[in-house]
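S.K.: My structure is in work-v3.pdb, and what it holds is PDB, N, CA and C atoms and all ligand atoms:
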```pdb
MODEL        1
ATOM      1  N   MET N   1     -61.183 108.149 -44.814
ATOM      2  CA  MET N   1     -60.734 107.042 -45.671
ATOM      3  C   MET N   1     -59.468 106.431 -45.079
ATOM      4  N   CYS N   2     -59.477 105.133 -44.905
ATOM      5  CA  CYS N   2     -58.330 104.467 -44.308
ATOM      6  C   CYS N   2     -57.144 104.413 -45.269
ATOM      7  N   ASP N   3     -55.974 104.530 -44.701
ATOM      8  CA  ASP N   3     -54.742 104.426 -45.474
ATOM      9  C   ASP N   3     -53.884 103.367 -44.782
ATOM     10  N   PHE N   4     -54.122 102.114 -45.160
ATOM     11  CA  PHE N   4     -53.436 101.013 -44.485
ATOM     12  C   PHE N   4     -51.984 100.884 -44.930
ATOM     13  N   HIS N   5     -51.131 100.716 -43.938
ATOM     14  CA  HIS N   5     -49.717 100.491 -44.185
ATOM     15  C   HIS N   5     -49.422  99.047 -43.757
ATOM     16  N   VAL N   6     -48.873  98.276 -44.665
ATOM     17  CA  VAL N   6     -48.613  96.858 -44.372
ATOM     18  C   VAL N   6     -47.405  96.723 -43.452
ATOM     19  N   LEU N   7     -47.616  96.049 -42.322
ATOM     20  CA  LEU N   7     -46.533  95.839 -41.355
ATOM     21  C   LEU N   7     -45.844  94.498 -41.587
ATOM     22  N   HIS N   8     -46.627  93.552 -42.062
ATOM     23  CA  HIS N   8     -46.091  92.209 -42.288
ATOM     24  C   HIS N   8     -46.959  91.518 -43.333
ATOM     25  N   HIS N   9     -46.309  90.752 -44.199
ATOM     26  CA  HIS N   9     -47.063  90.007 -45.205
ATOM     27  C   HIS N   9     -46.287  88.763 -45.560
ATOM     28  N   ASP N  10     -46.935  87.626 -45.483
ATOM     29  CA  ASP N  10     -46.301  86.393 -45.971
ATOM     30  C   ASP N  10     -47.387  85.456 -46.484
ATOM     31  N   GLY N  11     -47.000  84.241 -46.802
ATOM     32  CA  GLY N  11     -47.940  83.309 -47.416
ATOM     33  C   GLY N  11     -49.131  82.960 -46.538
ATOM     34  N   ARG N  12     -49.009  83.173 -45.251
ATOM     35  CA  ARG N  12     -50.103  82.809 -44.344
ATOM     36  C   ARG N  12     -51.066  83.959 -44.081
ATOM     37  N   GLY N  13     -50.549  85.199 -44.182
ATOM     38  CA  GLY N  13     -51.426  86.322 -43.884
ATOM     39  C   GLY N  13     -50.703  87.645 -43.878
ATOM     40  N   TYR N  14     -51.355  88.629 -43.279
ATOM     41  CA  TYR N  14     -50.751  89.954 -43.226
ATOM     42  C   TYR N  14     -51.266  90.716 -42.015
ATOM     43  N   VAL N  15     -50.532  91.774 -41.671
ATOM     44  CA  VAL N  15     -50.989  92.722 -40.660
ATOM     45  C   VAL N  15     -50.823  94.111 -41.267
ATOM     46  N   ALA N  16     -51.880  94.915 -41.227
ATOM     47  CA  ALA N  16     -51.820  96.272 -41.772
ATOM     48  C   ALA N  16     -52.393  97.240 -40.750
ATOM     49  N   HIS N  17     -51.882  98.477 -40.776
ATOM     50  CA  HIS N  17     -52.257  99.473 -39.774
ATOM     51  C   HIS N  17     -52.652 100.768 -40.468
ATOM     52  N   CYS N  18     -53.724 101.396 -39.998
ATOM     53  CA  CYS N  18     -54.125 102.703 -40.516
ATOM     54  C   CYS N  18     -53.738 103.747 -39.474
ATOM     55  N   ALA N  19     -52.864 104.672 -39.869
ATOM     56  CA  ALA N  19     -52.406 105.704 -38.931
ATOM     57  C   ALA N  19     -53.540 106.680 -38.622
ATOM     58  N   GLY N  20     -54.516 106.785 -39.517
ATOM     59  CA  GLY N  20     -55.635 107.706 -39.305
ATOM     60  C   GLY N  20     -56.519 107.266 -38.155
ATOM     61  N   CYS N  21     -57.123 106.100 -38.271
ATOM     62  CA  CYS N  21     -58.054 105.624 -37.233
ATOM     63  C   CYS N  21     -57.377 104.651 -36.274
ATOM     64  N   ARG N  22     -56.119 104.349 -36.494
ATOM     65  CA  ARG N  22     -55.319 103.481 -35.637
ATOM     66  C   ARG N  22     -55.895 102.065 -35.560
ATOM     67  N   ARG N  23     -56.642 101.653 -36.575
ATOM     68  CA  ARG N  23     -57.129 100.274 -36.555
ATOM     69  C   ARG N  23     -56.109  99.354 -37.219
ATOM     70  N   VAL N  24     -56.136  98.106 -36.777
ATOM     71  CA  VAL N  24     -55.213  97.109 -37.308
ATOM     72  C   VAL N  24     -56.032  95.996 -37.949
ATOM     73  N   GLN N  25     -55.646  95.622 -39.161
ATOM     74  CA  GLN N  25     -56.270  94.474 -39.807
ATOM     75  C   GLN N  25     -55.262  93.339 -39.779
ATOM     76  N   ALA N  26     -55.675  92.227 -39.201
ATOM     77  CA  ALA N  26     -54.787  91.070 -39.130
ATOM     78  C   ALA N  26     -55.467  89.899 -39.833
ATOM     79  N   ALA N  27     -54.818  89.399 -40.868
ATOM     80  CA  ALA N  27     -55.355  88.263 -41.615
ATOM     81  C   ALA N  27     -54.446  87.071 -41.412
ATOM     82  N   PHE N  28     -55.067  85.915 -41.174
ATOM     83  CA  PHE N  28     -54.301  84.677 -41.010
ATOM     84  C   PHE N  28     -55.163  83.546 -41.529
ATOM     85  N   GLY N  29     -54.665  82.831 -42.536
ATOM     86  CA  GLY N  29     -55.507  81.808 -43.154
ATOM     87  C   GLY N  29     -56.731  82.464 -43.755
ATOM     88  N   ASN N  30     -57.903  81.964 -43.414
ATOM     89  CA  ASN N  30     -59.145  82.493 -43.984
ATOM     90  C   ASN N  30     -59.828  83.510 -43.093
ATOM     91  N   VAL N  31     -59.165  83.932 -42.043
ATOM     92  CA  VAL N  31     -59.788  84.834 -41.071
ATOM     93  C   VAL N  31     -59.151  86.218 -41.145
ATOM     94  N   VAL N  32     -59.982  87.241 -41.121
ATOM     95  CA  VAL N  32     -59.480  88.618 -41.024
ATOM     96  C   VAL N  32     -60.098  89.258 -39.791
ATOM     97  N   LEU N  33     -59.253  89.856 -38.959
ATOM     98  CA  LEU N  33     -59.745  90.567 -37.780
ATOM     99  C   LEU N  33     -59.512  92.050 -37.984
ATOM    100  N   SER N  34     -60.504  92.855 -37.622
ATOM    101  CA  SER N  34     -60.359  94.304 -37.661
ATOM    102  C   SER N  34     -60.372  94.771 -36.212
ATOM    103  N   LEU N  35     -59.239  95.295 -35.749
ATOM    104  CA  LEU N  35     -59.054  95.538 -34.318
ATOM    105  C   LEU N  35     -58.608  96.968 -34.047
ATOM    106  N   THR N  36     -58.933  97.458 -32.854
ATOM    107  CA  THR N  36     -58.301  98.693 -32.408
ATOM    108  C   THR N  36     -56.858  98.325 -32.060
ATOM    109  N   GLN N  37     -56.020  99.340 -31.914
ATOM    110  CA  GLN N  37     -54.622  99.050 -31.598
ATOM    111  C   GLN N  37     -54.514  98.336 -30.250
ATOM    112  N   GLU N  38     -55.363  98.732 -29.304
ATOM    113  CA  GLU N  38     -55.366  98.107 -27.980
ATOM    114  C   GLU N  38     -55.784  96.634 -28.085
ATOM    115  N   GLU N  39     -56.804  96.363 -28.889
ATOM    116  CA  GLU N  39     -57.248  94.973 -29.080
ATOM    117  C   GLU N  39     -56.154  94.150 -29.752
ATOM    118  N   PHE N  40     -55.466  94.782 -30.709
ATOM    119  CA  PHE N  40     -54.379  94.089 -31.394
ATOM    120  C   PHE N  40     -53.274  93.716 -30.409
ATOM    121  N   GLU N  41     -52.913  94.663 -29.560
ATOM    122  CA  GLU N  41     -51.847  94.404 -28.588
ATOM    123  C   GLU N  41     -52.262  93.317 -27.594
ATOM    124  N   ALA N  42     -53.524  93.341 -27.184
ATOM    125  CA  ALA N  42     -54.031  92.314 -26.273
ATOM    126  C   ALA N  42     -53.995  90.940 -26.948
ATOM    127  N   LEU N  43     -54.360  90.904 -28.228
ATOM    128  CA  LEU N  43     -54.333  89.636 -28.964
ATOM    129  C   LEU N  43     -52.899  89.125 -29.085
ATOM    130  N   ALA N  44     -51.980  90.020 -29.432
ATOM    131  CA  ALA N  44     -50.572  89.616 -29.587
ATOM    132  C   ALA N  44     -50.036  89.038 -28.276
ATOM    133  N   LYS N  45     -50.425  89.670 -27.173
ATOM    134  CA  LYS N  45     -49.974  89.216 -25.862
ATOM    135  C   LYS N  45     -50.560  87.834 -25.546
ATOM    136  N   ARG N  46     -51.852  87.685 -25.846
ATOM    137  CA  ARG N  46     -52.538  86.423 -25.572
ATOM    138  C   ARG N  46     -51.940  85.282 -26.397
ATOM    139  N   ILE N  47     -51.650  85.563 -27.658
ATOM    140  CA  ILE N  47     -51.060  84.543 -28.533
ATOM    141  C   ILE N  47     -49.647  84.202 -28.050
ATOM    142  N   ALA N  48     -48.912  85.213 -27.593
ATOM    143  CA  ALA N  48     -47.544  84.966 -27.100
ATOM    144  C   ALA N  48     -47.578  84.010 -25.908
ATOM    145  N   VAL N  49     -48.545  84.216 -25.004
ATOM    146  CA  VAL N  49     -48.668  83.354 -23.821
ATOM    147  C   VAL N  49     -49.023  81.928 -24.241
ATOM    148  N   ARG N  50     -50.014  81.795 -25.133
ATOM    149  CA  ARG N  50     -50.430  80.460 -25.578
ATOM    150  C   ARG N  50     -49.296  79.739 -26.297
ATOM    151  N   GLU N  51     -48.554  80.506 -27.109
ATOM    152  CA  GLU N  51     -47.459  79.916 -27.879
ATOM    153  C   GLU N  51     -46.384  79.396 -26.927
ATOM    154  N   GLU N  52     -46.100  80.183 -25.898
ATOM    155  CA  GLU N  52     -45.094  79.779 -24.918
ATOM    156  C   GLU N  52     -45.550  78.513 -24.184
ATOM    157  N   GLU N  53     -46.835  78.439 -23.869
ATOM    158  CA  GLU N  53     -47.384  77.247 -23.204
ATOM    159  C   GLU N  53     -47.226  75.994 -24.073
ATOM    160  N   HIS N  54     -47.232  76.200 -25.395
ATOM    161  CA  HIS N  54     -47.155  75.074 -26.320
ATOM    162  C   HIS N  54     -45.807  75.010 -27.032
ATOM    163  N   ALA N  55     -44.787  75.561 -26.381
ATOM    164  CA  ALA N  55     -43.453  75.612 -26.988
ATOM    165  C   ALA N  55     -42.928  74.210 -27.315
ATOM    166  N   HIS N  56     -43.426  73.202 -26.594
ATOM    167  CA  HIS N  56     -42.963  71.824 -26.824
ATOM    168  C   HIS N  56     -43.517  71.239 -28.129
ATOM    169  N   CYS N  57     -44.513  71.887 -28.733
ATOM    170  CA  CYS N  57     -45.072  71.297 -29.967
ATOM    171  C   CYS N  57     -45.037  72.274 -31.141
ATOM    172  N   ARG N  58     -43.919  72.978 -31.268
ATOM    173  CA  ARG N  58     -43.787  73.945 -32.365
ATOM    174  C   ARG N  58     -43.751  73.283 -33.740
ATOM    175  N   ASP N  59     -43.500  71.980 -33.765
ATOM    176  CA  ASP N  59     -43.461  71.276 -35.049
ATOM    177  C   ASP N  59     -44.733  70.481 -35.305
ATOM    178  N   CYS N  60     -45.674  70.521 -34.334
ATOM    179  CA  CYS N  60     -46.865  69.685 -34.450
ATOM    180  C   CYS N  60     -47.810  70.202 -35.536
ATOM    181  N   PRO N  61     -48.201  69.313 -36.468
ATOM    182  CA  PRO N  61     -49.137  69.723 -37.506
ATOM    183  C   PRO N  61     -50.606  69.547 -37.086
ATOM    184  N   VAL N  62     -50.831  68.907 -35.938
ATOM    185  CA  VAL N  62     -52.207  68.604 -35.508
ATOM    186  C   VAL N  62     -52.859  69.833 -34.883
ATOM    187  N   LYS N  63     -54.065  70.121 -35.343
ATOM    188  CA  LYS N  63     -54.805  71.282 -34.822
ATOM    189  C   LYS N  63     -55.499  70.892 -33.516
ATOM    190  N   ASP N  64     -54.894  71.239 -32.402
ATOM    191  CA  ASP N  64     -55.519  70.886 -31.123
ATOM    192  C   ASP N  64     -55.354  71.986 -30.066
ATOM    193  N   ILE N  65     -55.007  73.195 -30.517
ATOM    194  CA  ILE N  65     -54.884  74.317 -29.583
ATOM    195  C   ILE N  65     -56.052  75.269 -29.854
ATOM    196  N   TYR N  66     -56.944  75.375 -28.869
ATOM    197  CA  TYR N  66     -58.152  76.174 -29.058
ATOM    198  C   TYR N  66     -58.009  77.547 -28.441
ATOM    199  N   LEU N  67     -58.621  78.515 -29.109
ATOM    200  CA  LEU N  67     -58.591  79.885 -28.610
ATOM    201  C   LEU N  67     -60.028  80.421 -28.647
ATOM    202  N   HIS N  68     -60.524  80.800 -27.483
ATOM    203  CA  HIS N  68     -61.882  81.337 -27.429
ATOM    204  C   HIS N  68     -61.925  82.725 -28.057
ATOM    205  N   THR N  69     -63.057  83.084 -28.592
ATOM    206  CA  THR N  69     -63.260  84.406 -29.184
ATOM    207  C   THR N  69     -64.397  85.085 -28.422
ATOM    208  N   PRO N  70     -64.613  86.375 -28.641
ATOM    209  CA  PRO N  70     -65.735  87.036 -27.955
ATOM    210  C   PRO N  70     -67.089  86.426 -28.338
ATOM    211  N   ALA N  71     -67.164  85.738 -29.459
ATOM    212  CA  ALA N  71     -68.401  85.058 -29.836
ATOM    213  C   ALA N  71     -68.405  83.687 -29.162
ATOM    214  N   GLU N  72     -69.415  83.459 -28.318
ATOM    215  CA  GLU N  72     -69.446  82.256 -27.488
ATOM    216  C   GLU N  72     -69.383  80.964 -28.300
ATOM    217  N   ASN N  73     -69.994  80.997 -29.502
ATOM    218  CA  ASN N  73     -70.088  79.772 -30.297
ATOM    219  C   ASN N  73     -69.010  79.678 -31.376
ATOM    220  N   MET N  74     -67.959  80.490 -31.263
ATOM    221  CA  MET N  74     -66.895  80.421 -32.259
ATOM    222  C   MET N  74     -65.528  80.362 -31.579
ATOM    223  N   LEU N  75     -64.760  79.348 -31.943
ATOM    224  CA  LEU N  75     -63.399  79.203 -31.429
ATOM    225  C   LEU N  75     -62.440  79.131 -32.608
ATOM    226  N   PHE N  76     -61.207  79.535 -32.380
ATOM    227  CA  PHE N  76     -60.156  79.322 -33.366
ATOM    228  C   PHE N  76     -59.385  78.089 -32.935
ATOM    229  N   VAL N  77     -58.914  77.330 -33.924
ATOM    230  CA  VAL N  77     -58.092  76.169 -33.599
ATOM    231  C   VAL N  77     -56.807  76.224 -34.413
ATOM    232  N   PHE N  78     -55.699  75.930 -33.754
ATOM    233  CA  PHE N  78     -54.385  76.016 -34.384
ATOM    234  C   PHE N  78     -53.578  74.754 -34.114
ATOM    235  N   SER N  79     -52.662  74.464 -35.025
ATOM    236  CA  SER N  79     -51.606  73.493 -34.728
ATOM    237  C   SER N  79     -50.482  74.284 -34.055
ATOM    238  N   GLY N  80     -49.536  73.598 -33.443
ATOM    239  CA  GLY N  80     -48.409  74.270 -32.819
ATOM    240  C   GLY N  80     -47.628  75.086 -33.842
ATOM    241  N   LYS N  81     -47.520  74.520 -35.039
ATOM    242  CA  LYS N  81     -46.819  75.183 -36.142
ATOM    243  C   LYS N  81     -47.504  76.492 -36.512
ATOM    244  N   GLU N  82     -48.836  76.434 -36.645
ATOM    245  CA  GLU N  82     -49.608  77.627 -37.014
ATOM    246  C   GLU N  82     -49.548  78.687 -35.920
ATOM    247  N   LEU N  83     -49.637  78.227 -34.680
ATOM    248  CA  LEU N  83     -49.613  79.171 -33.561
ATOM    249  C   LEU N  83     -48.276  79.913 -33.530
ATOM    250  N   LEU N  84     -47.189  79.198 -33.806
ATOM    251  CA  LEU N  84     -45.866  79.828 -33.847
ATOM    252  C   LEU N  84     -45.812  80.860 -34.976
ATOM    253  N   ALA N  85     -46.338  80.486 -36.146
ATOM    254  CA  ALA N  85     -46.323  81.416 -37.291
ATOM    255  C   ALA N  85     -47.151  82.659 -36.975
ATOM    256  N   LEU N  86     -48.319  82.462 -36.365
ATOM    257  CA  LEU N  86     -49.174  83.602 -36.008
ATOM    258  C   LEU N  86     -48.466  84.478 -34.980
ATOM    259  N   HIS N  87     -47.869  83.845 -33.987
ATOM    260  CA  HIS N  87     -47.152  84.580 -32.951
ATOM    261  C   HIS N  87     -46.040  85.431 -33.560
ATOM    262  N   GLU N  88     -45.270  84.836 -34.465
ATOM    263  CA  GLU N  88     -44.161  85.583 -35.083
ATOM    264  C   GLU N  88     -44.676  86.760 -35.893
ATOM    265  N   MET N  89     -45.753  86.536 -36.619
ATOM    266  CA  MET N  89     -46.338  87.604 -37.438
ATOM    267  C   MET N  89     -46.835  88.756 -36.556
ATOM    268  N   LEU N  90     -47.562  88.426 -35.486
ATOM    269  CA  LEU N  90     -48.113  89.461 -34.607
ATOM    270  C   LEU N  90     -46.999  90.187 -33.869
ATOM    271  N   GLU N  91     -46.007  89.435 -33.423
ATOM    272  CA  GLU N  91     -44.919  90.032 -32.641
ATOM    273  C   GLU N  91     -44.096  90.995 -33.501
ATOM    274  N   GLN N  92     -43.771  90.594 -34.698
ATOM    275  CA  GLN N  92     -43.014  91.478 -35.603
ATOM    276  C   GLN N  92     -43.814  92.742 -35.881
ATOM    277  N   SER N  93     -45.110  92.593 -36.099
ATOM    278  CA  SER N  93     -45.962  93.744 -36.394
ATOM    279  C   SER N  93     -46.091  94.644 -35.178
ATOM    280  N   ARG N  94     -46.222  94.045 -34.008
ATOM    281  CA  ARG N  94     -46.351  94.808 -32.771
ATOM    282  C   ARG N  94     -45.084  95.645 -32.540
ATOM    283  N   LEU N  95     -43.920  95.044 -32.773
ATOM    284  CA  LEU N  95     -42.661  95.761 -32.592
ATOM    285  C   LEU N  95     -42.535  96.913 -33.596
ATOM    286  N   LEU N  96     -42.960  96.668 -34.833
ATOM    287  CA  LEU N  96     -42.924  97.730 -35.851
ATOM    288  C   LEU N  96     -43.822  98.888 -35.451
ATOM    289  N   LEU N  97     -44.998  98.571 -34.909
ATOM    290  CA  LEU N  97     -45.914  99.619 -34.460
ATOM    291  C   LEU N  97     -45.291 100.429 -33.332
ATOM    292  N   GLU N  98     -44.589  99.735 -32.442
ATOM    293  CA  GLU N  98     -43.914 100.411 -31.337
ATOM    294  C   GLU N  98     -42.856 101.379 -31.867
ATOM    295  N   VAL N  99     -42.083 100.913 -32.843
ATOM    296  CA  VAL N  99     -41.043 101.750 -33.444
ATOM    297  C   VAL N  99     -41.680 102.966 -34.113
ATOM    298  N   LYS N 100     -42.769 102.725 -34.852
ATOM    299  CA  LYS N 100     -43.472 103.833 -35.531
ATOM    300  C   LYS N 100     -43.946 104.868 -34.504
ATOM    301  N   ALA N 101     -44.477 104.375 -33.379
ATOM    302  CA  ALA N 101     -44.972 105.288 -32.341
ATOM    303  C   ALA N 101     -43.822 106.103 -31.767
ATOM    304  N   LEU N 102     -42.666 105.450 -31.579
ATOM    305  CA  LEU N 102     -41.493 106.144 -31.048
ATOM    306  C   LEU N 102     -40.996 107.222 -32.002
ATOM    307  N   LEU N 103     -41.152 106.933 -33.298
ATOM    308  CA  LEU N 103     -40.684 107.882 -34.310
ATOM    309  C   LEU N 103     -41.734 108.954 -34.599
ATOM    310  N   GLY N 104     -42.870 108.833 -33.893
ATOM    311  CA  GLY N 104     -43.909 109.846 -34.048
ATOM    312  C   GLY N 104     -44.825 109.619 -35.229
ATOM    313  N   GLY N 105     -44.807 108.436 -35.768
ATOM    314  CA  GLY N 105     -45.719 108.153 -36.891
ATOM    315  C   GLY N 105     -46.665 107.090 -36.495
TER     316      GLY N 105
HETATM  317 ZN    ZN N 201     -58.389 104.273 -40.941
ENDMDL
END
```
Please render this file's structure as structure tokens.
Ligand SMILES: [Zn+2]

M.R.:
Amino acid sequence: MCDFHVLHHDGRGYVAHCAGCRRVQAAFGNVVLSLTQEEFEALAKRIAVREEEHAHCRDCPVKDIYLHTPAENMLFVFSGKELLALHEMLEQSRLLLEVKALLGG
């Protein structure tokens, strides 16, 4: 039975981690991803790179940043504003997970 611990929660979404199976649930808008810790870290890294590439449009409300998914016919689309919010959420959660690992939990 999973025992999810919330790492981050705000009006846009949340990130929760189960110490038992080490899976991470990341919700943003209407999408929820269920990821292994490795997949979560890879996603956080990928979002960080994309966000940095679009640093010039952090205030842009227009959804024109596409992100491919493992499903060939499904893409995610973000505005610069949304991508920044997602990046901050994932990064804060990733750092918390790192701290937890260092503390042995
Ligand atoms: Zn679990």

S.K.: Between atom N of Ser79 in chain N and CA of Lys45 in chain N, what is the distance, to one decimal in Å?

M.R.: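 Here the two named atoms are 17.6 Å from each other.
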
S.K.: Evaluate the PyMOL selection byres (((not hetatm) and name CA) within 6 of (chain N and resi 201)) on the structure here and hand back the selected residues as a tab-separated table (two decimals) with N, CA and C atoms, keeping the file's coordinate frame.

M.R.:
```tsv
chain	number	residue	atom	x	y	z
N	1	MET	N	-61.18	108.15	-44.81
N	1	MET	CA	-60.73	107.04	-45.67
N	1	MET	C	-59.47	106.43	-45.08
N	2	CYS	N	-59.48	105.13	-44.90
N	2	CYS	CA	-58.33	104.47	-44.31
N	2	CYS	C	-57.14	104.41	-45.27
N	3	ASP	N	-55.97	104.53	-44.70
N	3	ASP	CA	-54.74	104.43	-45.47
N	3	ASP	C	-53.88	103.37	-44.78
N	18	CYS	N	-53.72	101.40	-40.00
N	18	CYS	CA	-54.12	102.70	-40.52
N	18	CYS	C	-53.74	103.75	-39.47
N	20	GLY	N	-54.52	106.78	-39.52
N	20	GLY	CA	-55.64	107.71	-39.30
N	20	GLY	C	-56.52	107.27	-38.16
N	21	CYS	N	-57.12	106.10	-38.27
N	21	CYS	CA	-58.05	105.62	-37.23
N	21	CYS	C	-57.38	104.65	-36.27
```

S.K.: Would you list the contacts of Ile65 in chain N as a list in words, taking every protein, DNA or RNA residue within 6.5 Å and counting all atoms listed in the file, but skipping same-chain residues closer than 3 positions in sequence?

M.R.: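 In the requested format, the answer is Val62, Phe76, Val77, Phe78, Ser79 and Gly80 of chain N.
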
S.K.: One decimal, in Å: what's the spacing between atom C of His9 in chain N and atom C of Pro70 in chain N?

M.R.: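 Atom C of His9 in chain N sits 27.1 Å away from atom C of Pro70 in chain N.
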
S.K.: Quick one: pull the distance between atom C of Ala27 in chain N and CA of Met89 in chain N, Å, one decimal.

M.R.: 9.0 Å

S.K.: Give me, as a ChimeraX atom specification, all polymer residues having an atom no more than 8 Å from Leu84 in chain N, counting only C-alpha atoms and skipping those fewer than 3 positions away in the same chain.

M.R.: /N:51,58,80-81,87-88

S.K.: Excluding same-chain residues fewer than 2 positions from Arg23 in chain N, what lies within 7 Å of it counting only N, CA and C atoms, as a list in words?

M.R.: Ala16, His17, Cys18, Ala19, Gly20, Cys21, Gln25, Ser34, Leu35, Thr36 and Gln37 of chain N

S.K.: Could you write those residues out with N, CA and C atoms, as a PDB file, in the coordinates of the input?

M.R.:
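Written file, again-v8.pdb:
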```pdb
ATOM      1  N   ALA N  16     -51.880  94.915 -41.227  1.00  0.00           N
ATOM      2  CA  ALA N  16     -51.820  96.272 -41.772  1.00  0.00           C
ATOM      3  C   ALA N  16     -52.393  97.240 -40.750  1.00  0.00           C
ATOM      4  N   HIS N  17     -51.882  98.477 -40.776  1.00  0.00           N
ATOM      5  CA  HIS N  17     -52.257  99.473 -39.774  1.00  0.00           C
ATOM      6  C   HIS N  17     -52.652 100.768 -40.468  1.00  0.00           C
ATOM      7  N   CYS N  18     -53.724 101.396 -39.998  1.00  0.00           N
ATOM      8  CA  CYS N  18     -54.125 102.703 -40.516  1.00  0.00           C
ATOM      9  C   CYS N  18     -53.738 103.747 -39.474  1.00  0.00           C
ATOM     10  N   ALA N  19     -52.864 104.672 -39.869  1.00  0.00           N
ATOM     11  CA  ALA N  19     -52.406 105.704 -38.931  1.00  0.00           C
ATOM     12  C   ALA N  19     -53.540 106.680 -38.622  1.00  0.00           C
ATOM     13  N   GLY N  20     -54.516 106.785 -39.517  1.00  0.00           N
ATOM     14  CA  GLY N  20     -55.635 107.706 -39.305  1.00  0.00           C
ATOM     15  C   GLY N  20     -56.519 107.266 -38.155  1.00  0.00           C
ATOM     16  N   CYS N  21     -57.123 106.100 -38.271  1.00  0.00           N
ATOM     17  CA  CYS N  21     -58.054 105.624 -37.233  1.00  0.00           C
ATOM     18  C   CYS N  21     -57.377 104.651 -36.274  1.00  0.00           C
ATOM     19  N   GLN N  25     -55.646  95.622 -39.161  1.00  0.00           N
ATOM     20  CA  GLN N  25     -56.270  94.474 -39.807  1.00  0.00           C
ATOM     21  C   GLN N  25     -55.262  93.339 -39.779  1.00  0.00           C
ATOM     22  N   SER N  34     -60.504  92.855 -37.622  1.00  0.00           N
ATOM     23  CA  SER N  34     -60.359  94.304 -37.661  1.00  0.00           C
ATOM     24  C   SER N  34     -60.372  94.771 -36.212  1.00  0.00           C
ATOM     25  N   LEU N  35     -59.239  95.295 -35.749  1.00  0.00           N
ATOM     26  CA  LEU N  35     -59.054  95.538 -34.318  1.00  0.00           C
ATOM     27  C   LEU N  35     -58.608  96.968 -34.047  1.00  0.00           C
ATOM     28  N   THR N  36     -58.933  97.458 -32.854  1.00  0.00           N
ATOM     29  CA  THR N  36     -58.301  98.693 -32.408  1.00  0.00           C
ATOM     30  C   THR N  36     -56.858  98.325 -32.060  1.00  0.00           C
ATOM     31  N   GLN N  37     -56.020  99.340 -31.914  1.00  0.00           N
ATOM     32  CA  GLN N  37     -54.622  99.050 -31.598  1.00  0.00           C
ATOM     33  C   GLN N  37     -54.514  98.336 -30.250  1.00  0.00           C
TER      34      GLN N  37
END
```

S.K.: Apply DSSP to the structure's backbone, then extract all residues of range 31-72 of chain N labelled strand (DSSP E or B) and return them as a CSV table (one decimal) with N, CA and C atoms, in the coordinates of the input.

M.R.:
```
chain,number,residue,atom,x,y,z
N,31,VAL,N,-59.2,83.9,-42.0
N,31,VAL,CA,-59.8,84.8,-41.1
N,31,VAL,C,-59.2,86.2,-41.1
N,32,VAL,N,-60.0,87.2,-41.1
N,32,VAL,CA,-59.5,88.6,-41.0
N,32,VAL,C,-60.1,89.3,-39.8
N,33,LEU,N,-59.3,89.9,-39.0
N,33,LEU,CA,-59.7,90.6,-37.8
N,33,LEU,C,-59.5,92.0,-38.0
N,34,SER,N,-60.5,92.9,-37.6
N,34,SER,CA,-60.4,94.3,-37.7
N,34,SER,C,-60.4,94.8,-36.2
N,35,LEU,N,-59.2,95.3,-35.7
N,35,LEU,CA,-59.1,95.5,-34.3
N,35,LEU,C,-58.6,97.0,-34.0
N,36,THR,N,-58.9,97.5,-32.9
N,36,THR,CA,-58.3,98.7,-32.4
N,36,THR,C,-56.9,98.3,-32.1
N,63,LYS,N,-54.1,70.1,-35.3
N,63,LYS,CA,-54.8,71.3,-34.8
N,63,LYS,C,-55.5,70.9,-33.5
N,64,ASP,N,-54.9,71.2,-32.4
N,64,ASP,CA,-55.5,70.9,-31.1
N,64,ASP,C,-55.4,72.0,-30.1
N,65,ILE,N,-55.0,73.2,-30.5
N,65,ILE,CA,-54.9,74.3,-29.6
N,65,ILE,C,-56.1,75.3,-29.9
N,66,TYR,N,-56.9,75.4,-28.9
N,66,TYR,CA,-58.2,76.2,-29.1
N,66,TYR,C,-58.0,77.5,-28.4
N,67,LEU,N,-58.6,78.5,-29.1
N,67,LEU,CA,-58.6,79.9,-28.6
N,67,LEU,C,-60.0,80.4,-28.6
N,68,HIS,N,-60.5,80.8,-27.5
N,68,HIS,CA,-61.9,81.3,-27.4
N,68,HIS,C,-61.9,82.7,-28.1
```

S.K.: Quick one: of N:His68, N:Arg12, N:Arg22, N:Arg46, who's nearest to Lys100 in chain N, counting only C-alpha atoms?

M.R.: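 Closest to Lys100 in chain N of all the choices is N:Arg22.
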